[in-house]
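Here is protein.cif, consisting of mmCIF, C-alpha atoms:
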data_query
loop_
_atom_site.label_atom_id
_atom_site.label_comp_id
_atom_site.auth_asym_id
_atom_site.auth_seq_id
_atom_site.Cartn_x
_atom_site.Cartn_y
_atom_site.Cartn_z
CA MET A 1 -40.29 -118.09 94.93
CA SER A 2 -43.33 -115.85 94.62
CA VAL A 3 -45.09 -115.53 91.28
CA PHE A 4 -46.56 -112.14 90.39
CA ARG A 5 -49.65 -112.62 88.29
CA PRO A 6 -51.56 -110.00 86.24
CA LEU A 7 -53.06 -107.12 88.17
CA ASN A 8 -56.62 -108.29 87.48
CA SER A 9 -55.92 -111.51 89.37
CA ASP A 10 -56.92 -111.66 93.04
CA GLU A 11 -54.24 -114.32 93.47
CA SER A 12 -51.38 -111.97 92.71
CA ASN A 13 -48.99 -113.49 95.22
CA LEU A 14 -48.58 -117.26 94.87
CA PHE A 15 -45.94 -119.19 96.79
CA THR A 16 -44.66 -122.62 95.72
CA ILE A 17 -43.07 -125.29 97.91
CA ARG A 18 -41.40 -128.14 95.99
CA CYS A 19 -40.08 -131.21 97.73
CA VAL A 20 -38.67 -134.52 96.47
CA ILE A 21 -38.73 -137.36 98.98
CA ASP A 22 -36.78 -140.62 98.75
CA ALA A 23 -38.94 -142.76 101.05
CA HIS A 24 -39.03 -146.55 101.29
CA ALA A 25 -41.21 -149.03 103.14
CA SER A 26 -38.66 -149.27 105.92
CA THR A 27 -38.72 -145.52 106.53
CA VAL A 28 -41.12 -144.67 109.33
CA GLY A 29 -41.35 -141.42 111.25
CA VAL A 30 -40.04 -137.99 110.25
CA LEU A 31 -38.88 -137.92 106.63
CA VAL A 32 -38.03 -134.21 106.54
CA ASP A 33 -38.34 -131.46 109.14
CA ASN A 34 -36.86 -127.98 108.79
CA ASP A 35 -36.84 -127.41 112.53
CA SER A 36 -34.17 -124.93 113.63
CA THR A 37 -33.00 -127.18 116.48
CA THR A 38 -33.68 -130.74 115.31
CA SER A 39 -33.48 -130.57 111.52
CA VAL A 40 -34.14 -133.85 109.65
CA SER A 41 -33.35 -134.29 105.94
CA THR A 42 -32.34 -137.96 105.56
CA SER A 43 -35.14 -138.69 103.05
CA LEU A 44 -34.90 -135.33 101.27
CA THR A 45 -33.54 -135.43 97.70
CA ALA A 46 -34.34 -131.86 96.64
CA PRO A 47 -34.18 -129.02 97.33
CA THR A 48 -31.68 -128.43 100.11
CA ILE A 49 -33.46 -128.12 103.43
CA ASN A 50 -32.59 -124.42 103.85
CA ASN A 51 -34.77 -123.75 100.78
CA LEU A 52 -37.84 -125.13 102.53
CA PRO A 53 -39.98 -122.96 104.84
CA PRO A 54 -39.13 -123.06 108.55
CA ASN A 55 -40.90 -126.01 110.25
CA PHE A 56 -41.87 -127.65 106.96
CA ARG A 57 -42.41 -131.31 107.92
CA ILE A 58 -43.46 -134.63 106.42
CA THR A 59 -43.93 -137.58 108.78
CA GLN A 60 -44.77 -141.12 107.72
CA ILE A 61 -47.21 -142.90 110.04
CA VAL A 62 -47.44 -146.69 109.86
CA ASN A 63 -49.80 -148.26 112.37
CA GLY A 64 -51.46 -151.46 111.23
CA ASP A 65 -53.68 -150.59 108.29
CA SER A 66 -53.21 -146.87 108.92
CA ASN A 67 -50.42 -145.98 106.50
CA TYR A 68 -50.34 -142.27 105.78
CA TYR A 69 -48.23 -139.06 105.92
CA GLU A 70 -48.62 -135.92 107.99
CA LEU A 71 -47.74 -132.63 106.26
CA GLU A 72 -46.92 -129.26 107.84
CA TYR A 73 -46.54 -126.42 105.34
CA GLY A 74 -44.36 -124.16 107.47
CA LYS A 75 -46.00 -121.36 105.53
CA THR A 76 -49.12 -119.29 106.19
CA PHE A 77 -51.42 -119.35 103.18
CA THR A 78 -54.35 -116.95 102.93
CA SER A 79 -56.55 -119.76 101.56
CA PRO A 80 -56.05 -123.53 101.22
CA PRO A 81 -53.22 -124.24 98.77
CA CYS A 82 -53.22 -126.75 95.93
CA ILE A 83 -51.24 -129.95 96.65
CA MET A 84 -49.91 -132.15 93.86
CA LEU A 85 -48.44 -135.58 94.64
CA THR A 86 -46.52 -137.87 92.29
CA PRO A 87 -45.47 -141.31 93.62
CA LYS A 88 -42.24 -142.86 92.32
CA SER A 89 -41.42 -146.38 91.21
CA THR A 90 -38.27 -148.28 90.23
CA SER A 91 -40.26 -150.33 87.72
CA SER A 92 -39.33 -149.94 84.05
CA ASN A 93 -43.04 -149.96 83.27
CA VAL A 94 -44.22 -146.61 81.92
CA LYS A 95 -47.05 -146.73 84.45
CA THR A 96 -46.29 -145.30 87.90
CA THR A 97 -46.74 -148.51 89.85
CA VAL A 98 -45.55 -150.38 92.87
CA SER A 99 -45.75 -154.17 92.56
CA GLY A 100 -47.80 -153.74 89.40
CA GLU A 101 -50.43 -151.56 91.09
CA PHE A 102 -51.52 -148.06 90.19
CA LEU A 103 -51.06 -145.64 93.08
CA ILE A 104 -53.68 -142.96 93.63
CA PRO A 105 -52.89 -140.02 95.97
CA HIS A 106 -55.54 -139.19 98.57
CA ILE A 107 -55.25 -135.83 100.34
CA VAL A 108 -57.17 -134.31 103.24
CA GLN A 109 -56.51 -130.70 104.25
CA LEU A 110 -56.96 -129.91 107.91
CA ASN A 111 -55.34 -128.10 110.81
CA LEU A 112 -54.50 -130.31 113.75
CA THR A 113 -52.09 -129.97 116.63
CA THR A 114 -50.05 -133.15 116.94
CA ALA A 115 -47.07 -134.17 119.01
CA ALA A 116 -44.81 -133.21 116.12
CA GLY A 117 -46.41 -129.78 115.62
CA THR A 118 -49.17 -128.42 113.40
CA THR A 119 -50.50 -130.82 110.77
CA ASN A 120 -52.00 -128.91 107.84
CA ALA A 121 -52.79 -131.94 105.70
CA GLU A 122 -52.65 -135.73 105.63
CA PHE A 123 -52.19 -137.87 102.54
CA CYS A 124 -51.64 -141.46 101.49
CA PHE A 125 -51.21 -143.56 98.35
CA ARG A 126 -53.87 -146.20 97.71
CA ASN A 127 -54.04 -148.95 95.14
CA SER A 128 -57.04 -149.52 92.89
CA SER A 129 -58.68 -151.49 95.70
CA GLY A 130 -58.37 -148.53 98.08
CA VAL A 131 -55.68 -150.11 100.27
CA PRO A 132 -53.06 -147.64 101.60
CA LYS A 133 -49.56 -148.58 100.41
CA THR A 134 -46.27 -147.98 102.19
CA ALA A 135 -44.03 -149.59 99.59
CA VAL A 136 -43.63 -146.38 97.60
CA ASN A 137 -40.21 -145.55 96.27
CA GLY A 138 -40.50 -141.91 97.19
CA PHE A 139 -42.70 -139.12 95.87
CA ASP A 140 -42.72 -135.54 94.65
CA ILE A 141 -44.91 -132.99 96.35
CA MET A 142 -45.71 -129.47 95.16
CA ILE A 143 -47.75 -127.03 97.24
CA THR A 144 -48.91 -123.77 95.64
CA GLY A 145 -51.11 -121.16 97.29
CA PRO A 146 -51.58 -117.43 97.92
CA VAL A 147 -49.65 -115.70 100.70
CA LYS A 148 -49.68 -112.16 101.99
CA LEU A 149 -46.79 -109.98 100.92
CA GLY A 150 -45.67 -106.96 102.85
CA VAL A 151 -46.51 -108.21 106.34
CA THR A 152 -43.99 -108.46 109.13
CA THR A 153 -45.48 -111.24 111.25
CA GLY A 154 -46.11 -114.93 110.77
CA ASN A 155 -44.50 -116.94 108.01
CA SER A 156 -45.59 -114.73 105.11
CA ASN A 157 -43.12 -113.17 102.72
CA LYS A 158 -41.91 -109.65 102.82
CA GLY A 159 -42.24 -107.81 99.56
CA TRP A 160 -44.33 -105.72 97.22
CA ASN A 161 -48.08 -105.87 97.27
CA VAL A 162 -50.76 -104.24 95.13
CA GLY A 163 -54.49 -103.94 95.62
CA SER A 164 -56.63 -106.90 94.61
CA GLY A 165 -58.64 -106.99 91.42
CA ASN A 166 -58.24 -103.90 89.27
CA ASP A 167 -57.33 -101.60 92.14
CA SER A 168 -53.84 -100.30 91.40
CA SER A 169 -54.15 -97.17 93.52
CA THR A 170 -51.86 -98.50 96.24
CA ALA A 171 -48.57 -100.35 96.32
CA TYR A 172 -46.48 -100.99 99.39
CA SER A 173 -43.61 -103.03 100.70
CA TYR A 174 -42.14 -103.72 104.12
CA MET A 175 -38.80 -104.46 102.50
CA ASN A 176 -36.08 -101.83 102.49
CA VAL A 177 -36.10 -100.20 99.06
CA GLY A 178 -32.91 -98.82 97.52
CA ILE A 179 -32.72 -96.44 94.57
CA GLY A 180 -29.18 -96.17 93.23
CA THR A 181 -27.95 -98.51 95.95
CA GLY A 182 -28.08 -102.27 96.28
CA ASN A 183 -27.88 -102.44 100.06
CA PRO A 184 -30.47 -100.09 101.60
CA THR A 185 -30.38 -99.65 105.36
CA SER A 186 -33.74 -97.89 105.76
CA ALA A 187 -37.27 -98.17 104.44
CA LEU A 188 -36.28 -95.96 101.48
CA GLN A 189 -32.69 -95.05 100.68
CA VAL A 190 -32.00 -92.84 97.68
CA GLN A 191 -28.42 -92.51 96.47
CA GLY A 192 -28.34 -89.29 94.49
CA ARG A 193 -30.74 -86.43 93.89
CA LEU A 194 -34.23 -86.43 95.35
CA ASP A 195 -36.58 -83.69 94.15
CA SER A 196 -39.25 -82.63 96.62
CA PHE A 197 -40.95 -79.46 97.75
CA PHE A 198 -43.41 -80.63 100.35
CA TYR A 199 -42.80 -83.34 102.91
CA LYS A 200 -45.00 -84.96 105.49
CA ALA A 201 -44.25 -83.47 108.89
CA VAL A 202 -45.11 -85.08 112.20
CA GLU A 203 -47.13 -83.44 114.95
CA PRO A 204 -44.86 -81.80 117.55
CA SER A 205 -44.34 -83.88 120.68
CA THR A 206 -44.76 -82.66 124.22
CA GLY A 207 -41.50 -82.87 126.14
CA PRO A 208 -40.78 -82.82 129.85
CA GLY A 209 -41.17 -79.68 131.94
CA ALA A 210 -38.53 -80.60 134.52
CA THR A 211 -35.14 -82.32 134.64
CA ASN A 212 -35.41 -85.52 132.66
CA THR A 213 -33.93 -87.72 129.91
CA ILE A 214 -35.29 -87.47 126.39
CA THR A 215 -37.14 -90.67 125.48
CA ALA A 216 -36.55 -92.71 122.34
CA ALA A 217 -39.73 -91.40 120.68
CA GLN A 218 -38.91 -87.79 121.65
CA THR A 219 -35.35 -88.08 120.30
CA VAL A 220 -36.57 -88.66 116.74
CA CYS A 221 -39.84 -86.71 116.92
CA GLU A 222 -38.52 -83.72 114.88
CA VAL A 223 -40.12 -81.07 117.12
CA LEU A 224 -40.15 -81.23 120.92
CA ASN A 225 -42.17 -78.64 122.87
CA CYS A 226 -41.17 -78.12 126.50
CA THR A 227 -42.84 -75.80 129.00
CA PRO A 228 -40.60 -75.53 132.08
CA SER A 229 -41.84 -74.12 135.35
CA ASP A 230 -38.23 -73.69 136.47
CA PRO A 231 -34.88 -73.90 134.67
CA PHE A 232 -34.04 -77.56 134.08
CA THR A 233 -31.64 -79.97 132.39
CA LEU A 234 -32.59 -82.20 129.47
CA THR A 235 -30.29 -85.22 129.04
CA THR A 236 -29.80 -87.10 125.78
CA LEU A 237 -29.93 -90.86 125.41
CA THR A 238 -26.66 -92.73 125.05
CA ALA A 239 -25.38 -93.25 121.51
CA ALA A 240 -26.41 -96.91 121.62
CA GLU A 241 -29.91 -95.92 122.73
CA ILE A 242 -30.16 -93.32 119.95
CA ILE A 243 -29.22 -95.98 117.38
CA ALA A 244 -31.86 -98.28 118.88
CA ALA A 245 -34.43 -95.46 118.73
CA MET A 246 -33.69 -94.89 115.03
CA LEU A 247 -34.49 -98.54 114.38
CA SER A 248 -37.48 -98.97 116.69
CA GLU A 249 -39.15 -95.63 115.96
CA LYS A 250 -38.19 -95.03 112.31
CA SER A 251 -37.22 -98.51 111.02
CA HIS A 252 -33.78 -97.21 110.10
CA THR A 253 -30.52 -99.12 110.60
CA ALA A 254 -27.92 -96.52 111.58
CA ALA A 255 -24.77 -96.01 109.53
CA VAL A 256 -21.84 -93.65 110.02
CA ASN A 257 -22.72 -90.05 109.06
CA ASP A 258 -26.46 -90.64 109.25
CA ALA A 259 -28.02 -87.49 110.67
CA PHE A 260 -31.37 -86.10 111.78
CA ASP A 261 -32.51 -82.84 113.32
CA LEU A 262 -34.38 -82.21 116.55
CA VAL A 263 -35.98 -78.82 117.21
CA ILE A 264 -36.49 -78.06 120.88
CA ASN A 265 -38.94 -75.27 121.71
CA ASN A 266 -38.81 -73.63 125.12
CA LEU A 267 -42.34 -72.34 125.63
CA SER A 268 -41.74 -70.80 129.04
CA THR A 269 -43.20 -67.32 129.40
CA THR A 270 -40.72 -66.52 132.18
CA SER A 271 -36.93 -66.81 132.29
CA ASP A 272 -36.77 -70.58 132.68
CA ASP A 273 -34.00 -71.88 130.43
CA ILE A 274 -33.47 -75.48 129.29
CA THR A 275 -29.95 -76.90 129.15
CA LEU A 276 -29.24 -79.86 126.88
CA THR A 277 -26.76 -82.27 128.47
CA ALA A 278 -24.97 -85.26 126.95
CA ALA A 279 -25.51 -88.76 128.33
CA ALA A 280 -23.23 -89.63 131.22
CA ASP A 281 -21.45 -92.52 129.47
CA GLY A 282 -19.44 -90.17 127.23
CA SER A 283 -20.78 -91.58 123.95
CA VAL A 284 -22.43 -88.29 122.97
CA THR A 285 -20.63 -84.99 122.28
CA ILE A 286 -22.49 -81.67 122.01
CA LEU A 287 -21.00 -78.79 120.00
CA GLY A 288 -22.31 -75.25 120.31
CA SER A 289 -24.51 -73.62 122.89
CA THR A 290 -26.53 -76.08 124.91
CA VAL A 291 -28.90 -73.51 126.41
CA ILE A 292 -32.37 -73.08 124.96
CA SER A 293 -33.50 -69.75 126.31
CA ALA A 294 -37.08 -69.08 127.33
CA SER A 295 -39.43 -67.75 124.66
CA SER A 296 -39.93 -64.66 126.81
CA ASN A 297 -36.38 -63.75 125.79
CA ALA A 298 -37.35 -64.03 122.09
CA ASP A 299 -35.00 -67.00 121.72
CA GLY A 300 -37.15 -69.99 122.54
CA THR A 301 -36.12 -72.32 119.74
CA ALA A 302 -32.95 -74.36 119.06
CA ARG A 303 -32.22 -76.85 116.29
CA PHE A 304 -29.80 -79.68 117.05
CA ARG A 305 -28.36 -82.05 114.42
CA PHE A 306 -27.63 -85.57 115.65
CA ILE A 307 -24.80 -87.13 113.60
CA CYS A 308 -23.80 -90.78 113.98
CA THR A 309 -19.99 -90.98 114.08
CA ASN A 310 -19.54 -94.65 115.00
CA THR A 311 -21.77 -97.71 115.04
CA ASN A 312 -19.31 -100.39 116.22
CA THR A 313 -18.55 -98.40 119.35
CA PRO A 314 -21.69 -96.25 119.26
CA ALA A 315 -20.97 -92.52 119.21
CA PHE A 316 -22.94 -89.41 118.28
CA THR A 317 -22.03 -85.77 117.82
CA ILE A 318 -24.82 -83.26 118.35
CA VAL A 319 -24.29 -79.88 116.66
CA ARG A 320 -26.42 -76.83 117.27
CA VAL A 321 -27.33 -75.38 113.87
#
Take the structure from the file and write it as structure tokens.
Amino acid sequence: MSVFRPLNSDESNLFTIRCVIDAHASTVGVLVDNDSTTSVSTSLTAPTINNLPPNFRITQIVNGDSNYYELEYGKTFTSPPCIMLTPKSTSSNVKTTVSGEFLIPHIVQLNLTTAAGTTNAEFCFRNSSGVPKTAVNGFDIMITGPVKLGVTTGNSNKGWNVGSGNDSSTAYSYMNVGIGTGNPTSALQVQGRLDSFFYKAVEPSTGPGATNTITAAQTVCEVLNCTPSDPFTLTTLTAAEIIAAMLSEKSHTAAVNDAFDLVINNLSTTSDDITLTAAADGSVTILGSTVISASSNADGTARFRFICTNTNTPAFTIVRV
């Protein structure tokens, strides 16, 4: 769970990993590993393994006098995190001891590539004489450090982010944000009234000048300028491809009755018309005139509204408006 600290803190996004291990002297090897294919949780007491970061791993290494643990965070921290270790004992003594000895955690942070994966830190428990001990009755480990929020790669969280220090001039999130709805399907989904006068338009795209299929980027570009040298046919993508274009180009997950407009300008100075044609698979239906006359005929612009009518069996209706 991320902790949002005051705005004047440069560590505004802290992430905490908590893990309780039930490890004994006889336990050697991987104690816990949240690997998607070979998950190990036999020594894990809390939390459940699905609440640990992907690839979080603790491995006990016992090799002669080398008794230590390898730790993989499974999380990308922007700077070295703080690690707190608490060894456990079955003794009734109020002191945390094993065989009457105080145990002192020793931690080294590093980044090594091992056979098991990336090792971010190594730690052990030593007695007052400095001898590493394996006869611990388990331990608690807590890792807390800053992570980036609002990024879409690596193991960082998605979520809100604000400028560091006192800079509150920007705030952003790569999560879908819903206003009046609890299940947004696009970057911003507003259920209800949205007041606006100006909106940010995109620069018109240059379309083909001869028979071709509209690309994904051109389908959702808002304004498509075509300059034919001869009359030609412009074919739409299939409904499935249009849905994919909405996601890849606009980060929007299509739902039934979602709609967007595409203006096609025919910039021909002669009588070279453009004819919009539906994809051959039958998933797209066009209603209204499909001919975009040349601008020389004073009718060089057509607006088409793409309406999603089915997402399970992808289907679109395109209406000339």
If you apply the PyMOL selection byres ((chain A and resi 122-138) around 6) to this file, what residues do you get, as a VMD selection string? chain A and resid 21 to 25 67 to 71 88 to 89 102 to 108 121 139
Between atom CA of Glu241 of chain A and atom CA of Leu188 of chain A, distance in Å (one decimal):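 Spanning atom CA of Glu241 of chain A to atom CA of Leu188 of chain A is a straight-line distance of 22.2 Å.
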Starting from the shown file, work through the PyMOL selection byres ((chain A and resi 219) around 8) and note down what comes out as a PyMOL selection string. chain A and resi 214-218+220-222+236-237+242+245+262
Surrounding residues of Ser293 of chain A excluding itself and chain neighbours under 2 positions, 7 Å, all atoms listed in the file, as a PyMOL selection string: chain A and resi 266+273-274+291+295+297+299-300
Considering only C-alpha atoms, can you say which of A:Ala255, A:Ile141, A:Leu14, A:Val147 comes closest to Gln189 of chain A?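 Ranked by minimum distance to Gln189 of chain A, first place goes to A:Ala255.
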Take the point (-57.1, -129.0, 102.6) in the file's coordinates, draw a sphere of radius 12 Å around it, and report as an NGL selection string every protein, DNA or RNA residue with an atom inside or on it, counting only C-alpha atoms. :A and (71-73 or 77 or 79-84 or 106-112 or 119-123 or 143-145)
Mind giving me the straight-line distance from atom CA of Asn310 of chain A to atom CA of Ile179 of chain A in Å, one decimal?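 According to the coordinates, atom CA of Asn310 of chain A and atom CA of Ile179 of chain A are separated by 24.4 Å.
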So how many Å separate atom CA of Arg18 of chain A and atom CA of Asp140 of chain A, to one decimal? 7.6 Å
Counting only C-alpha atoms, the option among A:Leu247, A:Ala210, A:Val62, A:Leu44 closest to Gly29 of chain A: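 For Gly29 of chain A, the nearest of the candidates is A:Val62.
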Determine the residue membership of the PyMOL selection byres ((chain A and resi 232) around 10) for the file above and supply it as a list in words.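 Matching residues under the PyMOL selection byres ((chain A and resi 232) around 10) are Pro208, Gly209, Ala210, Thr211, Asn212, Pro228, Ser229, Asp230, Pro231, Thr233, Leu234, Thr235, Asp272, Asp273, Ile274, Thr275 and Leu276 of chain A.
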With only C-alpha atoms as the atoms that count, which of A:Thr301, A:Asn176, A:Thr309, A:Gln191 lies nearest to Leu267 of chain A?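 Counting only C-alpha atoms, the residue closest to Leu267 of chain A is A:Thr301.
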With distances taken over all atoms listed in the file, which residue among A:Ser205, A:Ile243, A:Ala280, A:Thr227 lies nearest Phe260 of chain A? A:Ile243
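Each of A:Ala46, A:Asn257, A:Val177, A:Arg193 was checked against Ile307 of chain A using all atoms listed in the file; the smallest atom-to-atom distance is that of A:Asn257.
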Which residues are near segment 304-306 of chain A? Cut-off 9 Å, all atoms listed in the file, ignore same chain within fewer than 3 positions. Put them as a ChimeraX atom specification. /A:258-264,316-321
Reconstructed segment 225-251 of chain A, atom set N, CA and C atoms, as a PDB file, keeping the file's coordinate frame:
ATOM      1  N   ASN A 225     -41.717 -79.832 122.144  1.00  0.00           N
ATOM      2  CA  ASN A 225     -42.170 -78.640 122.870  1.00  0.00           C
ATOM      3  C   ASN A 225     -42.087 -78.869 124.373  1.00  0.00           C
ATOM      4  N   CYS A 226     -41.338 -78.020 125.050  1.00  0.00           N
ATOM      5  CA  CYS A 226     -41.170 -78.120 126.500  1.00  0.00           C
ATOM      6  C   CYS A 226     -41.658 -76.834 127.156  1.00  0.00           C
ATOM      7  N   THR A 227     -42.353 -76.964 128.260  1.00  0.00           N
ATOM      8  CA  THR A 227     -42.840 -75.800 129.000  1.00  0.00           C
ATOM      9  C   THR A 227     -42.356 -75.915 130.441  1.00  0.00           C
ATOM     10  N   PRO A 228     -41.152 -75.407 130.721  1.00  0.00           N
ATOM     11  CA  PRO A 228     -40.600 -75.530 132.080  1.00  0.00           C
ATOM     12  C   PRO A 228     -41.274 -74.567 133.056  1.00  0.00           C
ATOM     13  N   SER A 229     -41.379 -75.010 134.287  1.00  0.00           N
ATOM     14  CA  SER A 229     -41.840 -74.120 135.350  1.00  0.00           C
ATOM     15  C   SER A 229     -40.660 -73.532 136.100  1.00  0.00           C
ATOM     16  N   ASP A 230     -39.501 -74.159 135.915  1.00  0.00           N
ATOM     17  CA  ASP A 230     -38.230 -73.690 136.470  1.00  0.00           C
ATOM     18  C   ASP A 230     -37.148 -74.078 135.477  1.00  0.00           C
ATOM     19  N   PRO A 231     -35.980 -73.457 135.535  1.00  0.00           N
ATOM     20  CA  PRO A 231     -34.880 -73.900 134.670  1.00  0.00           C
ATOM     21  C   PRO A 231     -34.573 -75.373 134.933  1.00  0.00           C
ATOM     22  N   PHE A 232     -34.329 -76.135 133.878  1.00  0.00           N
ATOM     23  CA  PHE A 232     -34.040 -77.560 134.080  1.00  0.00           C
ATOM     24  C   PHE A 232     -33.094 -78.090 133.016  1.00  0.00           C
ATOM     25  N   THR A 233     -32.598 -79.308 133.276  1.00  0.00           N
ATOM     26  CA  THR A 233     -31.640 -79.970 132.390  1.00  0.00           C
ATOM     27  C   THR A 233     -32.330 -81.095 131.639  1.00  0.00           C
ATOM     28  N   LEU A 234     -32.041 -81.158 130.332  1.00  0.00           N
ATOM     29  CA  LEU A 234     -32.590 -82.200 129.470  1.00  0.00           C
ATOM     30  C   LEU A 234     -31.439 -83.056 128.983  1.00  0.00           C
ATOM     31  N   THR A 235     -31.423 -84.338 129.336  1.00  0.00           N
ATOM     32  CA  THR A 235     -30.290 -85.220 129.040  1.00  0.00           C
ATOM     33  C   THR A 235     -30.603 -86.100 127.835  1.00  0.00           C
ATOM     34  N   THR A 236     -29.615 -86.261 126.958  1.00  0.00           N
ATOM     35  CA  THR A 236     -29.800 -87.100 125.780  1.00  0.00           C
ATOM     36  C   THR A 236     -29.705 -88.589 126.151  1.00  0.00           C
ATOM     37  N   LEU A 237     -30.185 -89.432 125.289  1.00  0.00           N
ATOM     38  CA  LEU A 237     -29.930 -90.860 125.410  1.00  0.00           C
ATOM     39  C   LEU A 237     -28.467 -91.139 125.116  1.00  0.00           C
ATOM     40  N   THR A 238     -28.004 -92.321 125.460  1.00  0.00           N
ATOM     41  CA  THR A 238     -26.660 -92.730 125.050  1.00  0.00           C
ATOM     42  C   THR A 238     -26.655 -92.959 123.541  1.00  0.00           C
ATOM     43  N   ALA A 239     -25.471 -93.016 122.952  1.00  0.00           N
ATOM     44  CA  ALA A 239     -25.380 -93.250 121.510  1.00  0.00           C
ATOM     45  C   ALA A 239     -26.025 -94.566 121.124  1.00  0.00           C
ATOM     46  N   ALA A 240     -25.805 -95.610 121.914  1.00  0.00           N
ATOM     47  CA  ALA A 240     -26.410 -96.910 121.620  1.00  0.00           C
ATOM     48  C   ALA A 240     -27.930 -96.827 121.672  1.00  0.00           C
ATOM     49  N   GLU A 241     -28.453 -96.070 122.614  1.00  0.00           N
ATOM     50  CA  GLU A 241     -29.910 -95.920 122.730  1.00  0.00           C
ATOM     51  C   GLU A 241     -30.481 -95.098 121.581  1.00  0.00           C
ATOM     52  N   ILE A 242     -29.707 -94.108 121.104  1.00  0.00           N
ATOM     53  CA  ILE A 242     -30.160 -93.320 119.950  1.00  0.00           C
ATOM     54  C   ILE A 242     -30.230 -94.201 118.711  1.00  0.00           C
ATOM     55  N   ILE A 243     -29.216 -95.053 118.518  1.00  0.00           N
ATOM     56  CA  ILE A 243     -29.220 -95.980 117.380  1.00  0.00           C
ATOM     57  C   ILE A 243     -30.423 -96.924 117.481  1.00  0.00           C
ATOM     58  N   ALA A 244     -30.705 -97.407 118.675  1.00  0.00           N
ATOM     59  CA  ALA A 244     -31.860 -98.280 118.880  1.00  0.00           C
ATOM     60  C   ALA A 244     -33.159 -97.543 118.600  1.00  0.00           C
ATOM     61  N   ALA A 245     -33.225 -96.261 118.968  1.00  0.00           N
ATOM     62  CA  ALA A 245     -34.430 -95.460 118.730  1.00  0.00           C
ATOM     63  C   ALA A 245     -34.646 -95.243 117.241  1.00  0.00           C
ATOM     64  N   MET A 246     -33.568 -95.052 116.483  1.00  0.00           N
ATOM     65  CA  MET A 246     -33.690 -94.890 115.030  1.00  0.00           C
ATOM     66  C   MET A 246     -34.327 -96.118 114.402  1.00  0.00           C
ATOM     67  N   LEU A 247     -33.962 -97.293 114.917  1.00  0.00           N
ATOM     68  CA  LEU A 247     -34.490 -98.540 114.380  1.00  0.00           C
ATOM     69  C   LEU A 247     -35.922 -98.785 114.841  1.00  0.00           C
ATOM     70  N   SER A 248     -36.167 -98.637 116.136  1.00  0.00           N
ATOM     71  CA  SER A 248     -37.480 -98.970 116.690  1.00  0.00           C
ATOM     72  C   SER A 248     -38.550 -97.948 116.305  1.00  0.00           C
ATOM     73  N   GLU A 249     -38.170 -96.671 116.214  1.00  0.00           N
ATOM     74  CA  GLU A 249     -39.150 -95.630 115.960  1.00  0.00           C
ATOM     75  C   GLU A 249     -39.284 -95.281 114.478  1.00  0.00           C
ATOM     76  N   LYS A 250     -38.193 -95.452 113.713  1.00  0.00           N
ATOM     77  CA  LYS A 250     -38.190 -95.030 112.310  1.00  0.00           C
ATOM     78  C   LYS A 250     -37.798 -96.141 111.348  1.00  0.00           C
ATOM     79  N   SER A 251     -37.593 -97.349 111.856  1.00  0.00           N
ATOM     80  CA  SER A 251     -37.220 -98.510 111.020  1.00  0.00           C
ATOM     81  C   SER A 251     -35.970 -98.231 110.201  1.00  0.00           C
TER      82      SER A 251
END
